[in-house]
$ cat query-v3.tsv   # TSV, C-alpha atoms
chain	number	residue	atom	x	y	z
K	12	MET	CA	37.63	146.01	-9.00
K	13	THR	CA	37.97	144.72	-12.55
K	14	LEU	CA	35.39	142.50	-14.21
K	15	TYR	CA	37.92	139.65	-14.24
K	16	ASN	CA	38.38	139.82	-10.47
K	17	ARG	CA	34.65	140.06	-9.79
K	18	LEU	CA	34.02	136.95	-11.87
K	19	LYS	CA	36.83	135.07	-10.04
K	20	GLN	CA	35.18	135.89	-6.72
K	21	SER	CA	31.71	134.95	-7.87
K	22	GLY	CA	32.08	131.37	-6.66
K	23	ASN	CA	32.46	129.84	-10.11
K	24	PRO	CA	36.23	129.41	-10.80
K	25	GLN	CA	35.58	129.02	-14.54
K	26	ALA	CA	33.41	132.11	-14.99
K	27	ALA	CA	36.27	134.50	-15.85
K	28	VAL	CA	37.80	132.12	-18.40
K	29	GLN	CA	34.42	131.35	-20.02
K	30	THR	CA	33.77	135.07	-20.45
K	31	ILE	CA	37.16	135.67	-22.10
K	32	ILE	CA	36.68	132.73	-24.50
K	33	SER	CA	33.17	133.90	-25.48
K	34	LEU	CA	34.32	137.48	-26.04
K	35	LEU	CA	37.17	136.31	-28.29
K	36	ASP	CA	34.62	135.02	-30.80
K	37	LYS	CA	33.62	138.59	-31.78
K	38	HIS	CA	36.37	140.84	-30.40
K	39	THR	CA	40.14	141.16	-30.65
K	40	PRO	CA	42.40	140.20	-27.70
K	41	LYS	CA	43.15	143.87	-27.07
K	42	GLU	CA	39.45	144.74	-26.80
K	43	VAL	CA	38.81	141.72	-24.53
K	44	ALA	CA	41.69	142.77	-22.26
K	45	LEU	CA	40.25	146.26	-21.98
K	46	VAL	CA	36.79	144.96	-21.07
K	47	MET	CA	38.04	142.37	-18.55
K	48	GLY	CA	40.67	144.61	-16.97
K	49	VAL	CA	43.62	142.28	-17.64
K	50	SER	CA	46.71	142.41	-19.79
K	51	VAL	CA	46.69	141.44	-23.45
K	52	ARG	CA	49.35	138.83	-22.74
K	53	TRP	CA	47.04	137.11	-20.26
K	54	VAL	CA	44.26	136.97	-22.86
K	55	TYR	CA	46.63	135.32	-25.33
K	56	THR	CA	47.73	132.87	-22.63
K	57	ILE	CA	44.13	131.86	-21.87
K	58	ARG	CA	43.37	131.37	-25.58
K	59	LYS	CA	46.49	129.24	-26.09
K	60	ARG	CA	45.63	127.02	-23.13
K	61	TYR	CA	42.11	126.65	-24.41
K	62	LEU	CA	43.27	125.61	-27.86
K	63	ASP	CA	46.00	123.27	-26.59
K	64	SER	CA	43.49	121.46	-24.37
K	65	ASN	CA	40.97	120.98	-27.19
K	66	GLY	CA	38.39	123.25	-25.63
K	67	ASP	CA	38.80	122.20	-21.98
K	68	ILE	CA	37.94	125.23	-19.82
K	69	SER	CA	39.34	123.62	-16.65
K	70	ALA	CA	42.79	123.36	-18.25
K	71	CYS	CA	42.89	127.15	-18.58
K	72	ILE	CA	42.79	127.77	-14.84
K	73	LEU	CA	45.25	125.16	-13.64
K	74	LYS	CA	48.01	126.55	-11.45
K	75	ARG	CA	51.23	126.66	-13.41
K	76	GLY	CA	54.58	125.71	-11.91
K	77	PRO	CA	57.07	122.89	-11.55
K	78	ALA	CA	55.82	119.36	-10.99
K	79	SER	CA	57.74	119.31	-7.71
K	80	PRO	CA	57.68	122.80	-6.11
K	81	MET	CA	60.44	121.86	-3.65
K	82	PRO	CA	62.67	119.27	-5.35
K	83	ASN	CA	65.44	119.67	-2.73
K	84	ARG	CA	63.19	119.59	0.31
K	85	THR	CA	64.53	117.67	3.30
K	86	ALA	CA	63.16	114.17	3.71
K	87	PRO	CA	60.11	113.98	6.05
K	88	ASP	CA	61.87	111.60	8.46
K	89	THR	CA	64.76	114.04	8.84
K	90	GLU	CA	62.35	116.93	9.31
K	91	HIS	CA	60.56	115.07	12.08
K	92	LEU	CA	63.93	114.37	13.69
K	93	VAL	CA	64.75	118.09	13.64
K	94	VAL	CA	61.33	119.01	15.02
K	95	ASP	CA	61.49	116.49	17.87
K	96	LEU	CA	64.99	117.61	18.87
K	97	ALA	CA	63.98	121.28	18.73
K	98	LYS	CA	60.98	120.66	20.99
K	99	LYS	CA	63.08	118.66	23.42
K	100	THR	CA	66.08	120.97	23.67
K	101	ASN	CA	64.70	124.42	22.76
K	102	LEU	CA	67.85	125.09	20.72
K	103	GLY	CA	68.20	127.43	17.76
K	104	PRO	CA	69.13	126.37	14.19
K	105	GLN	CA	72.88	126.76	14.65
K	106	ARG	CA	73.04	124.72	17.86
K	107	LEU	CA	70.66	122.13	16.43
K	108	SER	CA	72.94	121.69	13.43
K	109	VAL	CA	75.88	120.85	15.70
K	110	ALA	CA	73.76	118.66	17.99
K	111	LEU	CA	72.43	116.60	15.07
K	112	LYS	CA	75.90	116.05	13.66
K	113	ARG	CA	77.46	115.06	16.98
K	114	SER	CA	74.71	112.90	18.41
K	115	LEU	CA	73.09	111.35	15.31
K	116	GLY	CA	75.58	111.90	12.51
K	117	VAL	CA	73.04	113.93	10.49
K	118	THR	CA	74.56	116.86	8.60
K	119	LEU	CA	72.17	119.74	7.96
K	120	SER	CA	72.84	123.40	7.31
K	121	PRO	CA	71.55	125.83	9.98
K	122	TYR	CA	69.59	127.57	7.21
K	123	THR	CA	67.89	124.29	6.25
K	124	ILE	CA	66.98	123.72	9.88
K	125	ARG	CA	65.67	127.28	10.08
K	126	ASN	CA	63.35	126.62	7.13
K	127	VAL	CA	62.14	123.35	8.64
K	128	LEU	CA	61.32	125.05	11.95
K	129	ARG	CA	59.46	127.81	10.11
K	130	ARG	CA	57.35	125.30	8.18
K	131	TYR	CA	56.32	123.61	11.42
K	132	GLY	CA	55.84	126.87	13.29
K	133	ILE	CA	58.46	126.13	15.96
K	134	ARG	CA	60.36	128.93	17.67
K	135	CYS	CA	62.78	128.93	20.60
K	136	LYS	CA	61.11	130.00	23.82
K	137	LYS	CA	62.60	133.21	25.15
K	138	TYR	CA	62.23	134.15	28.78
K	139	LYS	CA	63.98	137.52	28.77
K	140	SER	CA	64.41	140.10	26.06
K	141	VAL	CA	67.38	142.34	25.32
K	142	ASN	CA	67.02	145.58	27.27
K	143	GLY	CA	69.18	147.69	24.99
K	144	ASN	CA	71.67	148.71	27.66
K	145	ARG	CA	75.27	149.39	26.77
K	146	ARG	CA	77.39	146.26	26.93
K	147	TYR	CA	80.96	145.72	28.01
K	148	LYS	CA	83.33	143.76	25.81
K	149	ALA	CA	86.16	141.76	27.32
K	150	ASP	CA	89.51	141.66	25.51
K	151	LEU	CA	89.87	137.88	25.49
K	152	GLY	CA	93.29	138.06	23.86
K	153	ARG	CA	94.76	139.50	27.04
K	154	TYR	CA	93.98	136.45	29.17
K	155	GLU	CA	95.07	132.85	29.26
K	156	PRO	CA	92.68	129.93	29.86
K	157	PHE	CA	91.61	129.68	33.52
K	158	GLU	CA	93.04	133.12	34.32
K	159	PHE	CA	89.96	135.38	34.48
K	160	TRP	CA	86.77	134.15	36.18
K	161	GLN	CA	83.41	135.83	36.54
K	162	ILE	CA	81.53	134.71	39.65
K	163	ASP	CA	77.91	135.37	40.54
K	164	ALA	CA	74.99	134.06	42.58
K	165	LYS	CA	71.61	133.30	40.99
K	166	TYR	CA	68.20	133.08	42.63
K	167	VAL	CA	66.84	129.86	41.16
K	168	ALA	CA	63.23	130.35	42.29
K	169	ASP	CA	62.60	133.21	39.85
K	170	ARG	CA	58.97	133.11	38.79
K	171	SER	CA	59.54	135.49	35.87
K	172	ALA	CA	62.16	133.16	34.34
K	173	LEU	CA	60.66	129.70	34.92
K	174	PRO	CA	57.48	127.87	33.90
K	175	GLU	CA	54.92	127.53	36.67
K	176	GLU	CA	55.48	123.79	37.15
K	177	ALA	CA	59.25	124.25	37.48
K	178	TYR	CA	58.82	127.11	39.93
K	179	ALA	CA	56.40	125.06	42.06
K	180	ALA	CA	58.76	122.06	42.16
K	181	ILE	CA	61.38	124.10	44.06
K	182	PHE	CA	59.09	124.60	47.06
K	183	LYS	CA	57.30	121.27	46.83
K	184	ASN	CA	60.53	119.24	46.95
K	185	ARG	CA	62.51	121.71	49.10
K	186	LEU	CA	65.19	122.23	46.50
K	187	PRO	CA	68.03	124.75	46.98
K	188	ARG	CA	67.10	128.27	45.97
K	189	TYR	CA	70.51	129.76	45.22
K	190	GLN	CA	73.09	128.82	42.63
K	191	PHE	CA	76.69	130.02	42.74
K	192	THR	CA	78.41	130.09	39.34
K	193	ALA	CA	81.98	130.65	38.16
K	194	ILE	CA	82.84	130.85	34.45
K	195	ASP	CA	86.16	131.21	32.64
K	196	ILE	CA	85.67	133.94	30.05
K	197	LYS	CA	88.33	132.45	27.75
K	198	THR	CA	87.01	128.90	27.39
K	199	ARG	CA	83.48	129.22	28.93
K	200	LEU	CA	84.33	126.40	31.36
K	201	ARG	CA	81.88	126.64	34.22
K	202	PHE	CA	81.47	125.44	37.82
K	203	ILE	CA	78.32	125.59	39.93
K	204	ALA	CA	77.31	124.88	43.52
K	205	TYR	CA	74.10	125.37	45.49
K	206	ALA	CA	73.12	126.90	48.80
K	207	ASN	CA	70.00	127.52	50.84
K	208	SER	CA	70.97	131.07	51.78
K	209	LEU	CA	72.78	133.97	50.16
K	210	SER	CA	75.25	134.55	52.98
K	211	PHE	CA	78.75	135.98	52.98
K	212	GLU	CA	80.12	132.68	54.32
K	213	ASN	CA	78.63	130.77	51.38
K	214	GLY	CA	80.00	133.22	48.83
K	215	LEU	CA	83.48	133.11	50.34
K	216	CYS	CA	83.42	129.30	50.54
K	217	PHE	CA	82.45	129.02	46.88
K	218	MET	CA	85.34	131.21	45.76
K	219	LEU	CA	87.75	129.19	47.88
K	220	LEU	CA	86.25	126.01	46.45
K	221	VAL	CA	86.88	127.16	42.88
K	222	GLU	CA	90.44	128.20	43.74
K	223	ALA	CA	91.12	124.86	45.44
K	224	TRP	CA	89.78	122.88	42.48
K	225	LEU	CA	91.92	124.79	39.98
K	226	ARG	CA	95.09	124.45	42.07
K	227	ALA	CA	94.46	120.73	42.44
K	228	PHE	CA	94.70	120.42	38.64
K	229	GLY	CA	97.98	122.29	38.43
K	230	ILE	CA	96.66	125.74	37.54
K	231	ASN	CA	99.41	127.72	39.25
K	232	GLN	CA	99.09	131.06	37.45
K	233	HIS	CA	97.70	134.20	39.07
K	234	LEU	CA	93.90	134.23	39.02
K	235	PHE	CA	91.34	137.01	38.78
K	236	PHE	CA	87.90	136.57	40.40
K	237	GLN	CA	85.40	139.22	39.29
K	238	THR	CA	82.12	139.52	41.23
K	239	ASP	CA	79.34	142.02	41.73
K	240	ASN	CA	79.01	144.15	44.86
K	241	GLY	CA	76.63	141.82	46.69
K	242	VAL	CA	77.05	141.10	50.39
K	243	GLU	CA	77.59	137.42	49.60
K	244	PHE	CA	80.94	138.39	48.03
K	245	GLY	CA	81.98	140.96	50.63
K	246	GLY	CA	80.25	144.04	49.26
K	247	LYS	CA	81.93	146.97	47.53
K	248	ALA	CA	85.64	147.12	46.78
K	249	SER	CA	86.03	149.84	49.40
K	250	GLY	CA	84.27	147.77	52.06
K	251	ARG	CA	86.14	146.31	55.03
K	252	LYS	CA	85.25	142.68	54.35
K	253	ARG	CA	86.45	142.91	50.77
K	254	LYS	CA	89.79	144.35	51.85
K	255	VAL	CA	90.19	141.75	54.60
K	256	MET	CA	89.42	138.93	52.15
K	257	GLN	CA	92.07	140.18	49.77
K	258	ALA	CA	94.76	140.80	52.39
K	259	PHE	CA	94.22	137.84	54.70
K	260	ILE	CA	93.19	135.11	52.25
K	261	PHE	CA	93.43	135.68	48.52
K	262	ASP	CA	96.79	137.48	48.43
K	263	ARG	CA	98.33	134.33	49.88
K	264	LEU	CA	96.53	132.19	47.30
K	265	GLY	CA	97.58	134.22	44.27
K	266	VAL	CA	94.08	135.54	43.51
K	267	SER	CA	93.01	139.13	42.82
K	268	LEU	CA	89.43	140.11	43.61
K	269	LEU	CA	87.73	142.50	41.20
K	270	ASN	CA	84.40	144.35	41.48
K	271	ILE	CA	82.14	145.39	38.63
K	272	PRO	CA	80.76	148.97	38.64
K	273	PRO	CA	77.65	149.24	40.86
K	274	GLY	CA	74.47	148.51	38.93
K	275	GLN	CA	76.34	147.42	35.78
K	276	LYS	CA	75.53	143.72	35.50
K	277	GLN	CA	76.57	143.74	31.86
K	278	ALA	CA	80.17	143.96	33.06
K	279	ASN	CA	79.68	140.37	34.24
K	280	ALA	CA	78.11	139.44	30.91
K	281	TYR	CA	79.51	135.92	30.55
K	282	VAL	CA	78.22	134.63	33.88
K	283	GLU	CA	74.93	136.54	33.55
K	284	ARG	CA	74.31	135.02	30.12
K	285	SER	CA	75.03	131.55	31.49
K	286	HIS	CA	72.17	132.04	33.97
K	287	ARG	CA	69.77	132.42	31.05
K	288	THR	CA	71.15	129.21	29.56
K	289	ASP	CA	70.46	127.45	32.87
K	290	ASP	CA	66.86	128.66	32.82
K	291	GLU	CA	66.15	127.76	29.19
K	292	GLU	CA	68.01	124.48	28.84
K	293	PHE	CA	67.99	123.01	32.35
K	294	TYR	CA	65.53	124.45	34.85
K	295	ALA	CA	62.63	125.07	32.46
K	296	ILE	CA	62.90	121.53	31.09
K	297	ASP	CA	64.10	119.30	33.95
K	298	LEU	CA	63.35	121.07	37.22
K	299	SER	CA	59.77	119.79	37.39
K	300	LYS	CA	61.11	116.22	37.05
K	301	ALA	CA	63.19	116.46	40.24
K	302	THR	CA	61.32	114.56	42.95
K	303	SER	CA	63.91	114.94	45.73
K	304	HIS	CA	67.00	116.86	46.73
K	305	THR	CA	69.22	113.92	45.72
K	306	SER	CA	67.70	113.57	42.25
K	307	PHE	CA	68.05	117.32	41.71
K	308	MET	CA	71.75	117.27	42.58
K	309	GLN	CA	72.29	114.35	40.21
K	310	MET	CA	70.50	116.22	37.42
K	311	ALA	CA	72.58	119.34	38.13
K	312	GLN	CA	75.79	117.29	37.91
K	313	ALA	CA	74.70	115.81	34.59
K	314	TRP	CA	73.80	119.29	33.32
K	315	ILE	CA	77.14	120.91	34.16
K	316	CYS	CA	79.02	118.00	32.61
K	317	ALA	CA	76.92	118.33	29.45
K	318	TYR	CA	77.60	122.07	29.46
K	319	ASN	CA	81.36	121.65	29.73
K	320	TYR	CA	81.83	118.57	27.54
K	321	LYS	CA	78.97	118.39	25.03
K	322	ARG	CA	77.23	121.74	24.57
K	323	PRO	CA	78.64	123.82	21.67
K	324	HIS	CA	79.16	127.56	22.14
K	325	PHE	CA	79.03	130.22	19.44
K	326	GLY	CA	80.34	133.28	21.25
K	327	VAL	CA	83.56	135.13	20.53
K	328	ASP	CA	86.40	132.76	19.57
K	329	MET	CA	84.27	129.66	20.24
K	330	ALA	CA	82.99	128.70	16.73
K	331	GLY	CA	80.83	125.84	17.96
K	332	LYS	CA	83.43	124.30	20.30
K	333	THR	CA	82.55	122.95	23.71
K	334	PRO	CA	84.43	124.47	26.69
K	335	MET	CA	86.71	121.44	26.95
K	336	GLU	CA	87.39	121.54	23.20
K	337	ALA	CA	88.28	125.21	23.63
K	338	VAL	CA	90.66	124.25	26.45
K	339	GLN	CA	92.35	121.73	24.17
K	340	SER	CA	92.57	124.25	21.32
K	341	TYR	CA	94.78	126.41	23.54
K	342	HIS	CA	97.10	123.40	24.06
K	343	SER	CA	96.42	123.27	27.76
K	344	LEU	CA	98.06	120.34	29.54
K	345	CYS	CA	95.54	120.10	32.38
K	346	HIS	CA	93.56	116.89	32.88
K	347	LYS	CA	90.20	116.56	31.11
K	348	ALA	CA	88.46	115.93	34.43
K	349	ILE	CA	88.84	119.60	35.35
K	350	GLY	CA	85.40	120.29	33.89
K	351	SER	CA	83.60	117.81	36.15
K	352	MET	CA	83.84	119.57	39.51
K	353	PRO	CA	81.29	117.97	41.87
K	354	VAL	CA	78.08	119.94	42.32
K	355	VAL	CA	77.77	120.30	46.10
K	356	MET	CA	75.76	122.06	48.77
K	357	ILE	CA	78.01	124.82	50.09
K	358	GLU	CA	76.60	124.60	53.62
K	359	ARG	CA	77.96	121.07	53.90
K	360	LEU	CA	81.45	122.18	52.88
K	361	ALA	CA	81.50	125.43	54.84
K	362	PRO	CA	82.65	123.91	58.20
K	363	HIS	CA	85.57	122.13	56.53
K	364	ILE	CA	86.62	125.22	54.55
K	365	ARG	CA	86.29	127.37	57.67
K	366	HIS	CA	88.57	125.00	59.56
K	367	LEU	CA	91.03	124.54	56.68
K	368	PHE	CA	91.60	128.27	56.22
K	369	CYS	CA	91.19	129.26	59.89
K	370	LEU	CA	88.49	131.75	58.87
K	371	THR	CA	87.28	132.20	62.45
K	372	GLY	CA	90.55	133.89	63.39
K	373	ILE	CA	90.23	136.64	60.79
K	374	PRO	CA	89.10	140.06	62.14
K	375	TRP	CA	86.10	140.60	59.89
K	376	ASP	CA	84.36	143.32	61.88
K	377	HIS	CA	87.15	144.89	64.00
K	378	SER	CA	90.89	145.40	63.92
K	379	PRO	CA	92.62	144.37	67.19
K	380	ARG	CA	96.11	145.59	67.95
K	381	ASN	CA	99.20	143.62	66.99
K	382	ILE	CA	97.20	141.14	64.91
K	383	LYS	CA	99.07	138.42	63.10
K	384	LYS	CA	97.60	138.07	59.63
K	385	LEU	CA	97.56	134.33	59.05
K	386	ASN	CA	99.58	131.36	60.10
K	387	ASP	CA	101.70	129.48	57.60
K	388	THR	CA	99.11	126.81	56.99
K	389	MET	CA	96.91	129.35	55.20
K	390	ALA	CA	99.68	130.35	52.79
K	391	HIS	CA	99.78	127.02	50.96
K	392	TYR	CA	97.01	124.79	49.68
K	393	ILE	CA	97.88	121.11	50.13
K	394	PRO	CA	96.34	118.72	47.55
K	395	ARG	CA	95.70	116.20	50.32
K	396	GLN	CA	93.52	118.76	52.06
K	397	ILE	CA	91.66	119.40	48.81
K	398	MET	CA	90.78	115.74	48.44
K	399	PHE	CA	89.70	115.69	52.07
K	400	LEU	CA	87.46	118.65	51.33
K	401	PHE	CA	85.51	116.80	48.63
K	402	SER	CA	85.43	113.53	50.51
K	403	CYS	CA	83.62	115.30	53.34
K	404	SER	CA	80.92	116.52	51.01

$ encode --input "query-v3.tsv" --output "structure tokens"
Amino acid sequence: MTLYNRLKQSGNPQAAVQTIISLLDKHTPKEVALVMGVSVRWVYTIRKRYLDSNGDISACILKRGPASPMPNRTAPDTEHLVVDLAKKTNLGPQRLSVALKRSLGVTLSPYTIRNVLRRYGIRCKKYKSVNGNRRYKADLGRYEPFEFWQIDAKYVADRSALPEEAYAAIFKNRLPRYQFTAIDIKTRLRFIAYANSLSFENGLCFMLLVEAWLRAFGINQHLFFQTDNGVEFGGKASGRKRKVMQAFIFDRLGVSLLNIPPGQKQANAYVERSHRTDDEEFYAIDLSKATSHTSFMQMAQAWICAYNYKRPHFGVDMAGKTPMEAVQSYHSLCHKAIGSMPVVMIERLAPHIRHLFCLTGIPWDHSPRNIKKLNDTMAHYIPRQIMFLFSCS
């Protein structure tokens, strides 16, 4: 350690400067620099400061720099606004930039927001990390809006994904434990429903519910429903229930059922990623506030409407648009209310769907001789019956 550094750490901030000034009385700047262990330029700088200040030692050790180190720093009120919104929503800089502009009319760059969050030590809470597995990429250009849907069931009461108070609220208030989700990979439009059990009947009813809602809004094109190989969706593609579902129900409705490869959840990436969004932006924040089943369903309805109409998305081809803005960008003529499908308990709709589609007459577990596939009432979906379906819920 040089003599200059030892003097700086001695506790007297002026000791190093005093020594340099005293040595300059009898030695040249080069000799003083060699003794102190500093550069000759620094010795000249100290002497100039000393002379310019008329012998004031304290002026030689003042920190040099601009009068305002951050002349373009964001105003404190705006910074506090960013911090409060970040704590409330747990959004990243890019989403916060869009949220501030849409809700409050404040225009800030995502990089400015990033710097503000760093200064205040705020980071988005992450519940799951990337596992490094190979990911599938969907060719979005091949599909039209509302054509390809990924469908999955989520176990809401997941202790590893929720804060302790949110997890406890599920059992304390007897809230539903399973969420069924369908998402359009083209526009990210999403529908959800809840159930108390992960049964095959509930999974089938949810798919029929999504199909009925889309047909009620004039979506007449052929649809693709992609699911995993869970028993709630009929199991593997080679399984009997899956084949019966396709032949007896969905062929007549203009829907093709697709299975992802076993154990490859990344093939259902869009719906799987939406589950994480549910955990981080809905369940982790609001689930502990639900005091009853009714209040929870109301909160879920508000959440899915916010997701479809207000929440910006930054995935492929989205560029900060909400799902409904993405729908409009493709010049779709469907009504704007398509994104507000009621959030329902599937068990309450199951009897009506079972009766509407005559599901009890389908040979799920055996194949009797001379069976007639379906009667004509199952071949067409009448809008009046759709409205009856939701009125019963």

$ closest_atom_pairs --input "query-v3.tsv" --of "range 130-246 of chain K" --to "range 81-91 of chain K" --cutoff "12 Å" --atoms "only C-alpha atoms" --output "CSV"
residue,atom,partner,partner_atom,distance
K:Arg130,CA,K:Glu90,CA,9.8
K:Tyr131,CA,K:Glu90,CA,9.2
K:Ile133,CA,K:His91,CA,11.9

$ atom_distance --input "query-v3.tsv" --atom1 "CA of Tyr15 in chain K" --atom2 "CA of Ser79 in chain K"
29.1 Å

$ closest_residue --input "query-v3.tsv" --among "K:Tyr166, K:Gln20, K:Asn213, K:Ala70" --to "Asp289 in chain K" --atoms "only C-alpha atoms"
K:Tyr166

$ closest_residue --input "query-v3.tsv" --among "K:Gly214, K:Gly229, K:Pro323, K:Pro273" --to "Arg199 in chain K" --atoms "all atoms listed in the file"
K:Pro323

$ closest_residue --input "query-v3.tsv" --among "K:Cys71, K:Ala280, K:Ala313, K:Met329" --to "Ile203 in chain K" --atoms "only C-alpha atoms"
K:Ala313

$ atom_distance --input "query-v3.tsv" --atom1 "CA of Tyr154 in chain K" --atom2 "CA of Gly350 in chain K"
18.9 Å

$ atom_distance --input "query-v3.tsv" --atom1 "CA of Ala317 in chain K" --atom2 "CA of Pro334 in chain K"
10.1 Å

$ closest_residue --input "query-v3.tsv" --among "K:Ile68, K:Leu298, K:Leu18, K:Leu119" --to "Ala168 in chain K" --atoms "only C-alpha atoms"
K:Leu298

$ residues_near_point --input "query-v3.tsv" --point "(64.3, 136.9, 38.2)" --cutoff "12 Å" --atoms "only C-alpha atoms" --output "list of chain:residue names"
K:Tyr138, K:Lys139, K:Ala164, K:Lys165, K:Tyr166, K:Val167, K:Ala168, K:Asp169, K:Arg170, K:Ser171, K:Ala172, K:Leu173, K:Tyr178, K:Arg188, K:Tyr189, K:Glu283, K:His286, K:Arg287, K:Asp290

$ residues_around --input "query-v3.tsv" --residues "Ala97 in chain K" --least-positions-apart "5" --cutoff "10 Å" --atoms "all atoms listed in the file" --output "PyMOL selection string"
chain K and resi 91-92+102-104+106-107+124+128+133-135

$ write_last_selection --input "query-v3.tsv" --atoms "C-alpha atoms" --output "PDB file, in the frame of the given file"
ATOM      1  CA  HIS K  91      60.560 115.070  12.080  1.00  0.00           C
ATOM      2  CA  LEU K  92      63.930 114.370  13.690  1.00  0.00           C
ATOM      3  CA  LEU K 102      67.850 125.090  20.720  1.00  0.00           C
ATOM      4  CA  GLY K 103      68.200 127.430  17.760  1.00  0.00           C
ATOM      5  CA  PRO K 104      69.130 126.370  14.190  1.00  0.00           C
ATOM      6  CA  ARG K 106      73.040 124.720  17.860  1.00  0.00           C
ATOM      7  CA  LEU K 107      70.660 122.130  16.430  1.00  0.00           C
ATOM      8  CA  ILE K 124      66.980 123.720   9.880  1.00  0.00           C
ATOM      9  CA  LEU K 128      61.320 125.050  11.950  1.00  0.00           C
ATOM     10  CA  ILE K 133      58.460 126.130  15.960  1.00  0.00           C
ATOM     11  CA  ARG K 134      60.360 128.930  17.670  1.00  0.00           C
ATOM     12  CA  CYS K 135      62.780 128.930  20.600  1.00  0.00           C
TER      13      CYS K 135
END

$ closest_residue --input "query-v3.tsv" --among "K:Ala44, K:Ala301, K:Ile32, K:Val49" --to "Tyr61 in chain K" --atoms "all atoms listed in the file"
K:Ile32

$ closest_residue --input "query-v3.tsv" --among "K:Pro40, K:Glu358, K:Thr123, K:His304" --to "Asn184 in chain K" --atoms "all atoms listed in the file"
K:His304

$ residues_around --input "query-v3.tsv" --residues "Asp297 in chain K" --least-positions-apart "3" --cutoff "8 Å" --atoms "all atoms listed in the file" --output "NGL selection string"
:K and (177 or 293-294 or 300-301 or 310)

$ residues_near_point --input "query-v3.tsv" --point "(66.4, 127.2, 25.5)" --cutoff "6 Å" --atoms "only C-alpha atoms" --output "list in words"
Asn101, Leu102, Glu291 and Glu292 of chain K
